[in-house]
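Below: the structure, in structure tokens.
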Amino acid sequence: MSETISRFGLDELPRAHGETTCRGRIRLSPEDFRVDEILGFEPSGQGEHAFLHIRKTGENTDHVAQRIARLAGVKPMDVGYAGLKDRHAVTTQWFSVGLPGKPDPDWSALKNDGIAVLRHTRHDRKLKRGALEGNRFRIVVRELEGACGGLEARCAAIRAAGVPNYFGPQRFGHGGRNLQEASRLFADPRRRIDRNKRSLYLSAARSYLFNRILAHRVGNGSWNRVVEGDAFMFTGSNSFFKADELDEDIRRRIEALAIHPSGTLWGTGDPAISGAALEMERAALAQCAEFREGLERCGLELARRALRLPVPDLEFARVDDSACELAFSLPAGAYATTVLRELVEFDPQGLPDA
């Protein structure tokens, strides 16, 4: 399995827009990697939960949540957030704090060199993991080398066609560690393990299998095309459907980036696909019985993920002769690195932590 992980789990996934001709470095400073959370709803202004909109620099999400809990005099479990944001960046995100019948503390006491409270209000529900619409990225790539003159045209191609919706390498841990731990878990499923770590390792194994499926379809050019037996997903939705007939309307909607072919997130249940699409998935995962069977034994239920990631608002601007800035929005669960890798080669050490 180690050889397979090295090839398909991390840094050798095929690109849809051809090999890059340009190399650069990201995150040379936190200001070069900015992420703004898109919550997707407006807090009501009243309720038992304080909502804090925070900008952080050089701080990880868990550390900020712990500081909030201490200031508010609550347990860490009473502090909610929608997703982790990287420490080596400038990020904005929302936190919630359960304060039933209690007034707000002085939130300005949170302020330090790395934390600023932009806004605070109230809401009637705790902010839960995944309860966000997406993120807006603004990334500066510096020390550009190679044939970089085509970057703007490459951005235009990505706006028109999207990119493969790979899980980013950071999903798998440094050097694929999360996959190695998943392999250990499958070998001894009764081994006692922290619940959060167990979930992390199972998610890594599932993501790895999805990336193999997608890599197979990028390799044969079908990742953004209609294949007999496919199940399709709408842009911005986690639901999927099977078409009774692969007619011109389906092809038109695929070309318009309104719907997308989907790949399996492995687990038990109906495979939801058939024919040529099912045969491609079987071929892609033929050597992965350990992970397939392990995920099934652990009780995960089959789900699906779009093979294509639209990036309609991708913007490109030159900073100077050796740097450029990229700006784009992605839905929750998508990775900025999947967009970056279609444009430039970059040092893996510049990847976010999560």
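Starting from 1 in every chain, residues are counted up; chains themselves are A, B, ... following the order of the structure tokens, and ligands are numbered from 1 as listed.
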
- prompt: Within 7 Å of A:Phe167, counting only C-alpha atoms, which residues qualify if same-chain residues fewer than 4 places away don't, as a list in words?
  reply: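 Result of the neighbour search: Arg171, Ser207, Asn211 and Tyr335 of chain A.
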
query: Got a sec to tell me which of stretch 89-126 of chain A DSSP assigns to helix (DSSP H, G or I), as JSON, numbers by chain?
result: {"A": [107, 108, 109, 110]}

Find the spatial neighbours of A:Ala284, counting only C-alpha atoms, within a cut-off of 12 Å - ignore same-chain residues fewer than 5 positions away - and output them as an mmCIF file with all heavy atoms, in the first residue's frame.
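Below you can see selection_34.cif, which holds the result:
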data_model
loop_
_atom_site.group_PDB
_atom_site.id
_atom_site.type_symbol
_atom_site.label_atom_id
_atom_site.label_comp_id
_atom_site.auth_asym_id
_atom_site.auth_seq_id
_atom_site.Cartn_x
_atom_site.Cartn_y
_atom_site.Cartn_z
ATOM 1 N N THR A 4 1.461 2.686 -3.423
ATOM 2 C CA THR A 4 0.239 3.247 -3.976
ATOM 3 C C THR A 4 -0.081 4.589 -3.348
ATOM 4 O O THR A 4 -0.464 5.544 -4.013
ATOM 5 C CB THR A 4 -0.934 2.267 -3.742
ATOM 6 O OG1 THR A 4 -0.574 0.988 -4.246
ATOM 7 C CG2 THR A 4 -2.185 2.746 -4.435
ATOM 8 N N PHE A 8 -0.636 8.060 -5.530
ATOM 9 C CA PHE A 8 -1.955 8.621 -5.760
ATOM 10 C C PHE A 8 -2.494 9.457 -4.603
ATOM 11 O O PHE A 8 -3.417 10.220 -4.776
ATOM 12 C CB PHE A 8 -2.965 7.505 -6.062
ATOM 13 C CG PHE A 8 -2.798 6.922 -7.432
ATOM 14 C CD1 PHE A 8 -2.068 5.775 -7.623
ATOM 15 C CD2 PHE A 8 -3.369 7.532 -8.520
ATOM 16 C CE1 PHE A 8 -1.914 5.235 -8.883
ATOM 17 C CE2 PHE A 8 -3.225 7.008 -9.786
ATOM 18 C CZ PHE A 8 -2.491 5.854 -9.974
ATOM 19 N N TYR A 208 -8.648 9.346 -0.083
ATOM 20 C CA TYR A 208 -7.629 8.725 -0.919
ATOM 21 C C TYR A 208 -8.260 7.893 -2.032
ATOM 22 O O TYR A 208 -7.855 7.976 -3.201
ATOM 23 C CB TYR A 208 -6.736 7.866 -0.032
ATOM 24 C CG TYR A 208 -5.957 6.814 -0.746
ATOM 25 C CD1 TYR A 208 -4.854 7.152 -1.520
ATOM 26 C CD2 TYR A 208 -6.317 5.473 -0.641
ATOM 27 C CE1 TYR A 208 -4.140 6.169 -2.182
ATOM 28 C CE2 TYR A 208 -5.602 4.496 -1.300
ATOM 29 C CZ TYR A 208 -4.516 4.841 -2.070
ATOM 30 O OH TYR A 208 -3.813 3.873 -2.727
ATOM 31 N N LEU A 209 -9.298 7.124 -1.685
ATOM 32 C CA LEU A 209 -9.974 6.321 -2.705
ATOM 33 C C LEU A 209 -10.664 7.218 -3.729
ATOM 34 O O LEU A 209 -10.627 6.941 -4.932
ATOM 35 C CB LEU A 209 -10.993 5.384 -2.046
ATOM 36 C CG LEU A 209 -10.436 4.298 -1.130
ATOM 37 C CD1 LEU A 209 -11.568 3.413 -0.611
ATOM 38 C CD2 LEU A 209 -9.379 3.451 -1.833
ATOM 39 N N PHE A 210 -11.291 8.282 -3.252
ATOM 40 C CA PHE A 210 -11.925 9.223 -4.189
ATOM 41 C C PHE A 210 -10.887 9.811 -5.135
ATOM 42 O O PHE A 210 -11.124 9.914 -6.349
ATOM 43 C CB PHE A 210 -12.636 10.335 -3.428
ATOM 44 C CG PHE A 210 -13.223 11.386 -4.339
ATOM 45 C CD1 PHE A 210 -14.488 11.228 -4.864
ATOM 46 C CD2 PHE A 210 -12.495 12.517 -4.680
ATOM 47 C CE1 PHE A 210 -15.022 12.194 -5.728
ATOM 48 C CE2 PHE A 210 -13.015 13.478 -5.534
ATOM 49 C CZ PHE A 210 -14.283 13.318 -6.056
ATOM 50 N N ASN A 211 -9.742 10.220 -4.603
ATOM 51 C CA ASN A 211 -8.702 10.801 -5.459
ATOM 52 C C ASN A 211 -8.235 9.807 -6.516
ATOM 53 O O ASN A 211 -7.901 10.198 -7.643
ATOM 54 C CB ASN A 211 -7.519 11.267 -4.615
ATOM 55 C CG ASN A 211 -7.707 12.673 -4.067
ATOM 56 O OD1 ASN A 211 -8.773 13.261 -4.194
ATOM 57 N ND2 ASN A 211 -6.677 13.204 -3.432
ATOM 58 N N ARG A 212 -8.184 8.529 -6.180
ATOM 59 C CA ARG A 212 -7.800 7.520 -7.173
ATOM 60 C C ARG A 212 -8.837 7.441 -8.291
ATOM 61 O O ARG A 212 -8.481 7.333 -9.469
ATOM 62 C CB ARG A 212 -7.632 6.163 -6.503
ATOM 63 C CG ARG A 212 -6.338 6.003 -5.742
ATOM 64 C CD ARG A 212 -5.948 4.559 -5.586
ATOM 65 N NE ARG A 212 -5.698 3.922 -6.880
ATOM 66 C CZ ARG A 212 -4.802 2.951 -7.062
ATOM 67 N NH1 ARG A 212 -4.059 2.545 -6.052
ATOM 68 N NH2 ARG A 212 -4.645 2.402 -8.250
ATOM 69 N N ILE A 213 -10.110 7.464 -7.896
ATOM 70 C CA ILE A 213 -11.170 7.431 -8.910
ATOM 71 C C ILE A 213 -11.062 8.643 -9.830
ATOM 72 O O ILE A 213 -11.103 8.528 -11.063
ATOM 73 C CB ILE A 213 -12.556 7.397 -8.226
ATOM 74 C CG1 ILE A 213 -12.767 6.061 -7.517
ATOM 75 C CG2 ILE A 213 -13.671 7.645 -9.241
ATOM 76 C CD1 ILE A 213 -13.965 6.047 -6.573
ATOM 77 N N LEU A 214 -10.907 9.804 -9.228
ATOM 78 C CA LEU A 214 -10.817 11.037 -10.018
ATOM 79 C C LEU A 214 -9.559 11.053 -10.877
ATOM 80 O O LEU A 214 -9.602 11.472 -12.048
ATOM 81 C CB LEU A 214 -10.856 12.248 -9.082
ATOM 82 C CG LEU A 214 -10.773 13.638 -9.721
ATOM 83 C CD1 LEU A 214 -11.758 13.794 -10.860
ATOM 84 C CD2 LEU A 214 -10.999 14.711 -8.656
ATOM 85 N N ALA A 215 -8.428 10.596 -10.326
ATOM 86 C CA ALA A 215 -7.191 10.541 -11.106
ATOM 87 C C ALA A 215 -7.366 9.659 -12.338
ATOM 88 O O ALA A 215 -6.868 9.978 -13.425
ATOM 89 C CB ALA A 215 -6.048 10.020 -10.243
ATOM 90 N N HIS A 216 -8.071 8.545 -12.181
ATOM 91 C CA HIS A 216 -8.330 7.642 -13.310
ATOM 92 C C HIS A 216 -9.129 8.357 -14.398
ATOM 93 O O HIS A 216 -8.805 8.254 -15.588
ATOM 94 C CB HIS A 216 -9.091 6.412 -12.801
ATOM 95 C CG HIS A 216 -9.316 5.353 -13.827
ATOM 96 N ND1 HIS A 216 -8.394 4.372 -14.095
ATOM 97 C CD2 HIS A 216 -10.367 5.137 -14.666
ATOM 98 C CE1 HIS A 216 -8.863 3.578 -15.046
ATOM 99 N NE2 HIS A 216 -10.064 4.023 -15.414
ATOM 100 N N ARG A 217 -10.127 9.130 -13.989
ATOM 101 C CA ARG A 217 -10.974 9.795 -14.976
ATOM 102 C C ARG A 217 -10.319 11.035 -15.566
ATOM 103 O O ARG A 217 -10.590 11.390 -16.717
ATOM 104 C CB ARG A 217 -12.347 10.100 -14.364
ATOM 105 C CG ARG A 217 -13.127 8.809 -14.106
ATOM 106 C CD ARG A 217 -14.565 9.013 -13.768
ATOM 107 N NE ARG A 217 -15.337 9.709 -14.796
ATOM 108 C CZ ARG A 217 -16.656 9.659 -14.885
ATOM 109 N NH1 ARG A 217 -17.364 8.919 -14.023
ATOM 110 N NH2 ARG A 217 -17.291 10.337 -15.822
ATOM 111 N N VAL A 218 -9.456 11.699 -14.801
ATOM 112 C CA VAL A 218 -8.659 12.772 -15.399
ATOM 113 C C VAL A 218 -7.724 12.174 -16.440
ATOM 114 O O VAL A 218 -7.537 12.726 -17.537
ATOM 115 C CB VAL A 218 -7.858 13.538 -14.324
ATOM 116 C CG1 VAL A 218 -6.883 14.526 -14.974
ATOM 117 C CG2 VAL A 218 -8.807 14.298 -13.386
ATOM 118 N N GLY A 219 -7.149 11.032 -16.111
ATOM 119 C CA GLY A 219 -6.217 10.380 -17.026
ATOM 120 C C GLY A 219 -6.846 9.994 -18.356
ATOM 121 O O GLY A 219 -6.187 10.084 -19.404
ATOM 122 N N ASN A 220 -8.120 9.570 -18.339
ATOM 123 C CA ASN A 220 -8.755 9.191 -19.607
ATOM 124 C C ASN A 220 -9.653 10.279 -20.177
ATOM 125 O O ASN A 220 -10.360 10.068 -21.171
ATOM 126 C CB ASN A 220 -9.519 7.863 -19.466
ATOM 127 C CG ASN A 220 -10.720 7.959 -18.531
ATOM 128 O OD1 ASN A 220 -11.285 9.021 -18.297
ATOM 129 N ND2 ASN A 220 -11.126 6.814 -17.983
ATOM 130 N N GLY A 263 -18.080 11.001 -8.090
ATOM 131 C CA GLY A 263 -17.298 9.821 -7.730
ATOM 132 C C GLY A 263 -17.709 9.341 -6.351
ATOM 133 O O GLY A 263 -18.269 10.095 -5.540
ATOM 134 N N THR A 264 -17.409 8.092 -6.062
ATOM 135 C CA THR A 264 -17.829 7.470 -4.808
ATOM 136 C C THR A 264 -16.951 7.895 -3.639
ATOM 137 O O THR A 264 -15.725 7.897 -3.734
ATOM 138 C CB THR A 264 -17.787 5.939 -4.941
ATOM 139 O OG1 THR A 264 -18.722 5.532 -5.942
ATOM 140 C CG2 THR A 264 -18.135 5.261 -3.621
ATOM 141 N N ALA A 277 -19.315 3.826 -15.991
ATOM 142 C CA ALA A 277 -18.859 4.583 -14.816
ATOM 143 C C ALA A 277 -18.447 3.644 -13.696
ATOM 144 O O ALA A 277 -17.410 3.847 -13.041
ATOM 145 C CB ALA A 277 -19.960 5.524 -14.337
ATOM 146 N N LEU A 278 -19.228 2.593 -13.460
ATOM 147 C CA LEU A 278 -18.905 1.631 -12.412
ATOM 148 C C LEU A 278 -17.642 0.858 -12.767
ATOM 149 O O LEU A 278 -16.790 0.616 -11.893
ATOM 150 C CB LEU A 278 -20.078 0.672 -12.218
ATOM 151 C CG LEU A 278 -19.921 -0.379 -11.119
ATOM 152 C CD1 LEU A 278 -19.698 0.278 -9.757
ATOM 153 C CD2 LEU A 278 -21.158 -1.288 -11.075
ATOM 154 N N GLU A 279 -17.487 0.504 -14.021
ATOM 155 C CA GLU A 279 -16.282 -0.232 -14.435
ATOM 156 C C GLU A 279 -15.029 0.618 -14.235
ATOM 157 O O GLU A 279 -13.981 0.106 -13.828
ATOM 158 C CB GLU A 279 -16.403 -0.652 -15.904
ATOM 159 C CG GLU A 279 -17.401 -1.780 -16.146
ATOM 160 C CD GLU A 279 -17.056 -3.020 -15.326
ATOM 161 O OE1 GLU A 279 -15.875 -3.439 -15.331
ATOM 162 O OE2 GLU A 279 -17.972 -3.561 -14.674
ATOM 163 N N ALA A 289 -8.255 -3.061 -1.927
ATOM 164 C CA ALA A 289 -9.198 -3.849 -1.130
ATOM 165 C C ALA A 289 -9.071 -3.548 0.358
ATOM 166 O O ALA A 289 -10.067 -3.519 1.090
ATOM 167 C CB ALA A 289 -8.978 -5.334 -1.393
ATOM 168 N N ARG A 292 -11.011 -0.298 0.997
ATOM 169 C CA ARG A 292 -12.436 -0.477 0.705
ATOM 170 C C ARG A 292 -13.108 -1.324 1.790
ATOM 171 O O ARG A 292 -14.140 -0.946 2.354
ATOM 172 C CB ARG A 292 -12.613 -1.135 -0.664
ATOM 173 C CG ARG A 292 -12.323 -0.212 -1.844
ATOM 174 C CD ARG A 292 -12.686 -0.847 -3.181
ATOM 175 N NE ARG A 292 -11.708 -1.852 -3.603
ATOM 176 C CZ ARG A 292 -11.916 -3.158 -3.634
ATOM 177 N NH1 ARG A 292 -13.092 -3.645 -3.262
ATOM 178 N NH2 ARG A 292 -10.974 -3.986 -4.057
#

A:Cys324 surroundings by only C-alpha atoms, 8 Å radius, close-in-sequence under 3 positions cut, as a ChimeraX atom specification: /A:140-142,316-320

Export, as a JSON list (two decimals), in the first residue's frame, the selected residues with C-alpha atoms.
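Written output follows (selection-v5.json):
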[["chain", "number", "residue", "atom", "x", "y", "z"],
["A", 140, "VAL", "CA", 0.12, 35.69, -3.41],
["A", 141, "VAL", "CA", 2.57, 33.44, -5.25],
["A", 142, "ARG", "CA", 6.13, 34.80, -5.06],
["A", 316, "PHE", "CA", -5.37, 36.93, -11.65],
["A", 317, "ALA", "CA", -3.24, 40.02, -11.10],
["A", 318, "ARG", "CA", 0.47, 40.72, -11.34],
["A", 319, "VAL", "CA", 2.05, 42.04, -8.15],
["A", 320, "ASP", "CA", 5.45, 42.60, -9.76]]

- prompt: Can you tell me, as number ranges by chain, what residues are no more than 12 Å from A:Arg251 when counting only C-alpha atoms, ignoring any on the same chain fewer than 3 positions away?
  reply: A: 224-228, 232, 243, 245-248, 254-261

Close residues, A:Lys56 itself excluded, 9 Å, only C-alpha atoms, min 6 positions apart in chain, as a PDB file with N, CA and C atoms, in the first residue's frame:
ATOM      1  N   VAL A  64      -7.691  29.787  19.474  1.00  0.00           N
ATOM      2  CA  VAL A  64      -8.608  30.923  19.634  1.00  0.00           C
ATOM      3  C   VAL A  64      -9.868  30.475  20.378  1.00  0.00           C
ATOM      4  N   ARG A  87      -3.138  28.267  10.638  1.00  0.00           N
ATOM      5  CA  ARG A  87      -2.417  29.189  11.512  1.00  0.00           C
ATOM      6  C   ARG A  87      -1.528  30.137  10.720  1.00  0.00           C
ATOM      7  N   ALA A  89      -1.559  32.105   8.222  1.00  0.00           N
ATOM      8  CA  ALA A  89      -2.369  32.868   7.270  1.00  0.00           C
ATOM      9  C   ALA A  89      -3.072  33.981   8.024  1.00  0.00           C
ATOM     10  N   VAL A  90      -3.690  34.876   7.262  1.00  0.00           N
ATOM     11  CA  VAL A  90      -4.602  35.865   7.831  1.00  0.00           C
ATOM     12  C   VAL A  90      -6.004  35.391   7.480  1.00  0.00           C
ATOM     13  N   THR A  91      -6.790  35.056   8.482  1.00  0.00           N
ATOM     14  CA  THR A  91      -8.102  34.472   8.229  1.00  0.00           C
ATOM     15  C   THR A  91      -9.170  35.180   9.049  1.00  0.00           C
ATOM     16  N   THR A  92     -10.377  35.184   8.511  1.00  0.00           N
ATOM     17  CA  THR A  92     -11.534  35.624   9.277  1.00  0.00           C
ATOM     18  C   THR A  92     -12.509  34.469   9.374  1.00  0.00           C
ATOM     19  N   GLN A  93     -13.096  34.299  10.566  1.00  0.00           N
ATOM     20  CA  GLN A  93     -14.088  33.259  10.748  1.00  0.00           C
ATOM     21  C   GLN A  93     -14.975  33.583  11.942  1.00  0.00           C
ATOM     22  N   ASP A 113      -1.825  40.708  19.311  1.00  0.00           N
ATOM     23  CA  ASP A 113      -1.200  40.932  17.998  1.00  0.00           C
ATOM     24  C   ASP A 113      -1.770  40.018  16.923  1.00  0.00           C
ATOM     25  N   GLY A 114      -2.340  38.877  17.339  1.00  0.00           N
ATOM     26  CA  GLY A 114      -2.826  37.915  16.353  1.00  0.00           C
ATOM     27  C   GLY A 114      -4.333  37.787  16.278  1.00  0.00           C
ATOM     28  N   ILE A 115      -5.073  38.442  17.167  1.00  0.00           N
ATOM     29  CA  ILE A 115      -6.527  38.283  17.225  1.00  0.00           C
ATOM     30  C   ILE A 115      -7.200  39.649  17.283  1.00  0.00           C
ATOM     31  N   ALA A 116      -8.210  39.818  16.440  1.00  0.00           N
ATOM     32  CA  ALA A 116      -9.023  41.031  16.476  1.00  0.00           C
ATOM     33  C   ALA A 116     -10.492  40.633  16.350  1.00  0.00           C
ATOM     34  N   VAL A 117     -11.346  41.171  17.203  1.00  0.00           N
ATOM     35  CA  VAL A 117     -12.780  40.928  17.129  1.00  0.00           C
ATOM     36  C   VAL A 117     -13.393  41.973  16.204  1.00  0.00           C
TER      37      VAL A 117
END

task: Work out how far atom CA of A:Arg138 is from atom CA of A:Ala153, in Å to one decimal.
output: 18.7 Å

Would you write out, as CSV, a table of all residues in stretch 220-288 of chain A that have an atom no more than 10 Å from an atom of stretch 294-297 of chain A, listing for each the closest atom pair and the distance in Å to one decimal, considering only C-alpha atoms and ordering rows by chain and rising residue number?
residue,atom,partner,partner_atom,distance
A:Trp266,CA,A:Leu295,CA,7.0
A:Gly267,CA,A:Glu296,CA,5.1
A:Thr268,CA,A:Glu296,CA,5.5
A:Gly269,CA,A:Glu296,CA,9.2
A:Cys288,CA,A:Gly294,CA,9.9

Would you save the residues from that selection as a short mmCIF file (atom, residue, chain, number, x, y, z; two decimals), in the first residue's frame, using N, CA and C atoms?
data_model
loop_
_atom_site.label_atom_id
_atom_site.label_comp_id
_atom_site.auth_asym_id
_atom_site.auth_seq_id
_atom_site.Cartn_x
_atom_site.Cartn_y
_atom_site.Cartn_z
N TRP A 266 -16.31 6.14 -0.41
CA TRP A 266 -16.55 4.72 -0.19
C TRP A 266 -17.26 4.42 1.13
N GLY A 267 -18.12 3.42 1.08
CA GLY A 267 -18.82 2.93 2.25
C GLY A 267 -19.80 1.85 1.82
N THR A 268 -20.67 1.45 2.72
CA THR A 268 -21.66 0.43 2.41
C THR A 268 -22.86 1.07 1.73
N GLY A 269 -23.59 0.26 0.95
CA GLY A 269 -24.79 0.76 0.31
C GLY A 269 -24.75 0.61 -1.20
N CYS A 288 -7.05 -1.68 -4.05
CA CYS A 288 -7.31 -0.99 -2.78
C CYS A 288 -8.29 -1.75 -1.89
#

Might you pull out every residue within 10 Å of A:Leu179, with only C-alpha atoms counted and same-chain residues fewer than 5 positions away left off, and present them as a short mmCIF file (atom, residue, chain, number, x, y, z; two decimals) with all heavy atoms, in the first residue's frame?
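Printed below is around-v9.cif as written:
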data_model
loop_
_atom_site.label_atom_id
_atom_site.label_comp_id
_atom_site.auth_asym_id
_atom_site.auth_seq_id
_atom_site.Cartn_x
_atom_site.Cartn_y
_atom_site.Cartn_z
N MET A 1 0.82 -1.21 0.00
CA MET A 1 0.00 0.00 0.00
C MET A 1 0.85 1.26 0.00
O MET A 1 0.46 2.29 -0.52
CB MET A 1 -0.95 -0.02 1.21
CG MET A 1 -1.82 1.22 1.34
SD MET A 1 -2.93 1.46 -0.05
CE MET A 1 -4.11 0.15 0.22
N SER A 2 2.05 1.20 0.59
CA SER A 2 2.87 2.41 0.70
C SER A 2 3.22 2.99 -0.66
O SER A 2 3.20 4.20 -0.86
CB SER A 2 4.15 2.12 1.49
OG SER A 2 4.91 1.13 0.86
N ILE A 5 0.08 4.69 -2.02
CA ILE A 5 -0.17 5.95 -1.32
C ILE A 5 0.74 7.04 -1.87
O ILE A 5 0.32 8.15 -2.15
CB ILE A 5 0.04 5.77 0.19
CG1 ILE A 5 -1.12 4.98 0.79
CG2 ILE A 5 0.15 7.13 0.88
CD1 ILE A 5 -0.93 4.61 2.23
N GLY A 9 -1.94 9.31 -3.41
CA GLY A 9 -2.51 10.01 -2.28
C GLY A 9 -2.02 11.42 -2.14
O GLY A 9 -2.66 12.23 -1.50
N ARG A 171 -5.05 16.75 3.56
CA ARG A 171 -6.05 15.82 4.09
C ARG A 171 -5.38 14.56 4.64
O ARG A 171 -5.91 13.91 5.54
CB ARG A 171 -7.02 15.46 2.97
CG ARG A 171 -8.17 14.56 3.38
CD ARG A 171 -9.28 15.35 4.00
NE ARG A 171 -10.52 14.60 4.09
CZ ARG A 171 -11.70 15.14 4.32
NH1 ARG A 171 -11.80 16.43 4.49
NH2 ARG A 171 -12.78 14.40 4.42
N PHE A 172 -4.22 14.22 4.08
CA PHE A 172 -3.61 12.94 4.38
C PHE A 172 -2.50 13.01 5.42
O PHE A 172 -1.91 12.00 5.77
CB PHE A 172 -3.08 12.31 3.09
CG PHE A 172 -4.13 12.28 2.00
CD1 PHE A 172 -4.01 13.06 0.87
CD2 PHE A 172 -5.24 11.48 2.14
CE1 PHE A 172 -4.98 13.05 -0.11
CE2 PHE A 172 -6.23 11.46 1.17
CZ PHE A 172 -6.10 12.24 0.04
N GLY A 173 -2.22 14.21 5.91
CA GLY A 173 -1.19 14.36 6.92
C GLY A 173 0.19 14.39 6.29
O GLY A 173 0.39 14.03 5.14
N HIS A 174 1.16 14.84 7.08
CA HIS A 174 2.53 14.96 6.58
C HIS A 174 3.06 13.59 6.16
O HIS A 174 3.07 12.64 6.93
CB HIS A 174 3.43 15.54 7.67
CG HIS A 174 4.84 15.76 7.23
ND1 HIS A 174 5.18 16.71 6.30
CD2 HIS A 174 5.99 15.13 7.58
CE1 HIS A 174 6.48 16.68 6.09
NE2 HIS A 174 7.00 15.73 6.87
N ARG A 184 -3.26 0.97 9.82
CA ARG A 184 -3.11 0.32 11.12
C ARG A 184 -4.47 0.04 11.75
O ARG A 184 -4.71 -1.02 12.34
CB ARG A 184 -2.29 1.19 12.06
CG ARG A 184 -0.81 1.30 11.73
CD ARG A 184 -0.10 2.14 12.78
NE ARG A 184 -0.22 1.55 14.10
CZ ARG A 184 -0.07 2.22 15.24
NH1 ARG A 184 0.18 3.52 15.22
NH2 ARG A 184 -0.18 1.60 16.40
N LEU A 185 -5.38 1.01 11.62
CA LEU A 185 -6.72 0.85 12.17
C LEU A 185 -7.45 -0.30 11.51
O LEU A 185 -8.11 -1.11 12.18
CB LEU A 185 -7.50 2.15 12.00
CG LEU A 185 -8.98 2.15 12.41
CD1 LEU A 185 -9.12 1.84 13.90
CD2 LEU A 185 -9.62 3.49 12.09
N LEU A 200 -10.66 11.20 11.63
CA LEU A 200 -9.66 11.79 10.73
C LEU A 200 -9.05 10.73 9.82
O LEU A 200 -8.91 10.93 8.61
CB LEU A 200 -8.58 12.47 11.57
CG LEU A 200 -7.43 13.14 10.82
CD1 LEU A 200 -7.94 14.36 10.06
CD2 LEU A 200 -6.33 13.53 11.78
N TYR A 201 -8.70 9.59 10.39
CA TYR A 201 -8.06 8.54 9.61
C TYR A 201 -9.02 7.91 8.61
O TYR A 201 -8.64 7.62 7.47
CB TYR A 201 -7.48 7.46 10.54
CG TYR A 201 -6.48 7.98 11.55
CD1 TYR A 201 -6.30 7.34 12.78
CD2 TYR A 201 -5.73 9.13 11.29
CE1 TYR A 201 -5.39 7.82 13.71
CE2 TYR A 201 -4.82 9.62 12.22
CZ TYR A 201 -4.66 8.97 13.42
OH TYR A 201 -3.75 9.45 14.35
N LEU A 202 -10.28 7.71 9.03
CA LEU A 202 -11.27 7.16 8.11
C LEU A 202 -11.54 8.13 6.97
O LEU A 202 -11.66 7.71 5.81
CB LEU A 202 -12.56 6.83 8.86
CG LEU A 202 -12.49 5.71 9.90
CD1 LEU A 202 -13.84 5.52 10.57
CD2 LEU A 202 -12.04 4.39 9.26
N SER A 203 -11.62 9.41 7.28
CA SER A 203 -11.84 10.41 6.23
C SER A 203 -10.68 10.44 5.24
O SER A 203 -10.88 10.59 4.04
CB SER A 203 -12.04 11.80 6.85
OG SER A 203 -13.23 11.85 7.59
N ALA A 204 -9.46 10.29 5.77
CA ALA A 204 -8.28 10.28 4.89
C ALA A 204 -8.33 9.09 3.94
O ALA A 204 -8.06 9.23 2.74
CB ALA A 204 -7.01 10.25 5.73
N ALA A 205 -8.68 7.92 4.46
CA ALA A 205 -8.76 6.73 3.60
C ALA A 205 -9.83 6.89 2.53
O ALA A 205 -9.63 6.54 1.36
CB ALA A 205 -9.05 5.50 4.47
N ARG A 206 -10.95 7.43 2.91
CA ARG A 206 -12.05 7.64 1.97
C ARG A 206 -11.66 8.66 0.90
O ARG A 206 -11.94 8.48 -0.29
CB ARG A 206 -13.25 8.15 2.77
CG ARG A 206 -14.60 7.86 2.16
CD ARG A 206 -15.65 8.44 3.07
NE ARG A 206 -16.93 7.83 2.81
CZ ARG A 206 -18.09 8.33 3.24
NH1 ARG A 206 -18.08 9.44 3.96
NH2 ARG A 206 -19.23 7.74 2.98
N SER A 207 -10.99 9.72 1.32
CA SER A 207 -10.55 10.75 0.39
C SER A 207 -9.52 10.21 -0.59
O SER A 207 -9.49 10.57 -1.76
CB SER A 207 -9.97 11.94 1.16
OG SER A 207 -10.91 12.47 2.07
N TYR A 208 -8.65 9.35 -0.08
CA TYR A 208 -7.63 8.73 -0.92
C TYR A 208 -8.26 7.89 -2.03
O TYR A 208 -7.86 7.98 -3.20
CB TYR A 208 -6.74 7.87 -0.03
CG TYR A 208 -5.96 6.81 -0.75
CD1 TYR A 208 -4.85 7.15 -1.52
CD2 TYR A 208 -6.32 5.47 -0.64
CE1 TYR A 208 -4.14 6.17 -2.18
CE2 TYR A 208 -5.60 4.50 -1.30
CZ TYR A 208 -4.52 4.84 -2.07
OH TYR A 208 -3.81 3.87 -2.73
N PHE A 291 -8.41 -0.75 1.96
CA PHE A 291 -9.14 0.45 2.35
C PHE A 291 -10.63 0.30 2.10
O PHE A 291 -11.45 0.75 2.91
CB PHE A 291 -8.59 1.67 1.60
CG PHE A 291 -7.36 2.27 2.23
CD1 PHE A 291 -6.64 1.58 3.20
CD2 PHE A 291 -6.94 3.53 1.86
CE1 PHE A 291 -5.51 2.14 3.78
CE2 PHE A 291 -5.81 4.11 2.44
CZ PHE A 291 -5.10 3.41 3.40
#

Show me, as JSON lines, the residues of stretch 49-165 of chain A having an atom within 6 Å of stretch 298-315 of chain A, each with the closest atom pair and its distance in Å, using only C-alpha atoms.
{"residue": "A:Arg159", "atom": "CA", "partner": "A:Pro312", "partner_atom": "CA", "distance": 4.6}
{"residue": "A:Gly162", "atom": "CA", "partner": "A:Pro310", "partner_atom": "CA", "distance": 4.2}
{"residue": "A:Val163", "atom": "CA", "partner": "A:Leu309", "partner_atom": "CA", "distance": 5.3}
{"residue": "A:Pro164", "atom": "CA", "partner": "A:Arg308", "partner_atom": "CA", "distance": 4.8}
{"residue": "A:Asn165", "atom": "CA", "partner": "A:Arg308", "partner_atom": "CA", "distance": 4.9}

query: What is the atom CA of A:Ser262 to atom CA of A:Ala231 distance in Å?
result: 5.9 Å
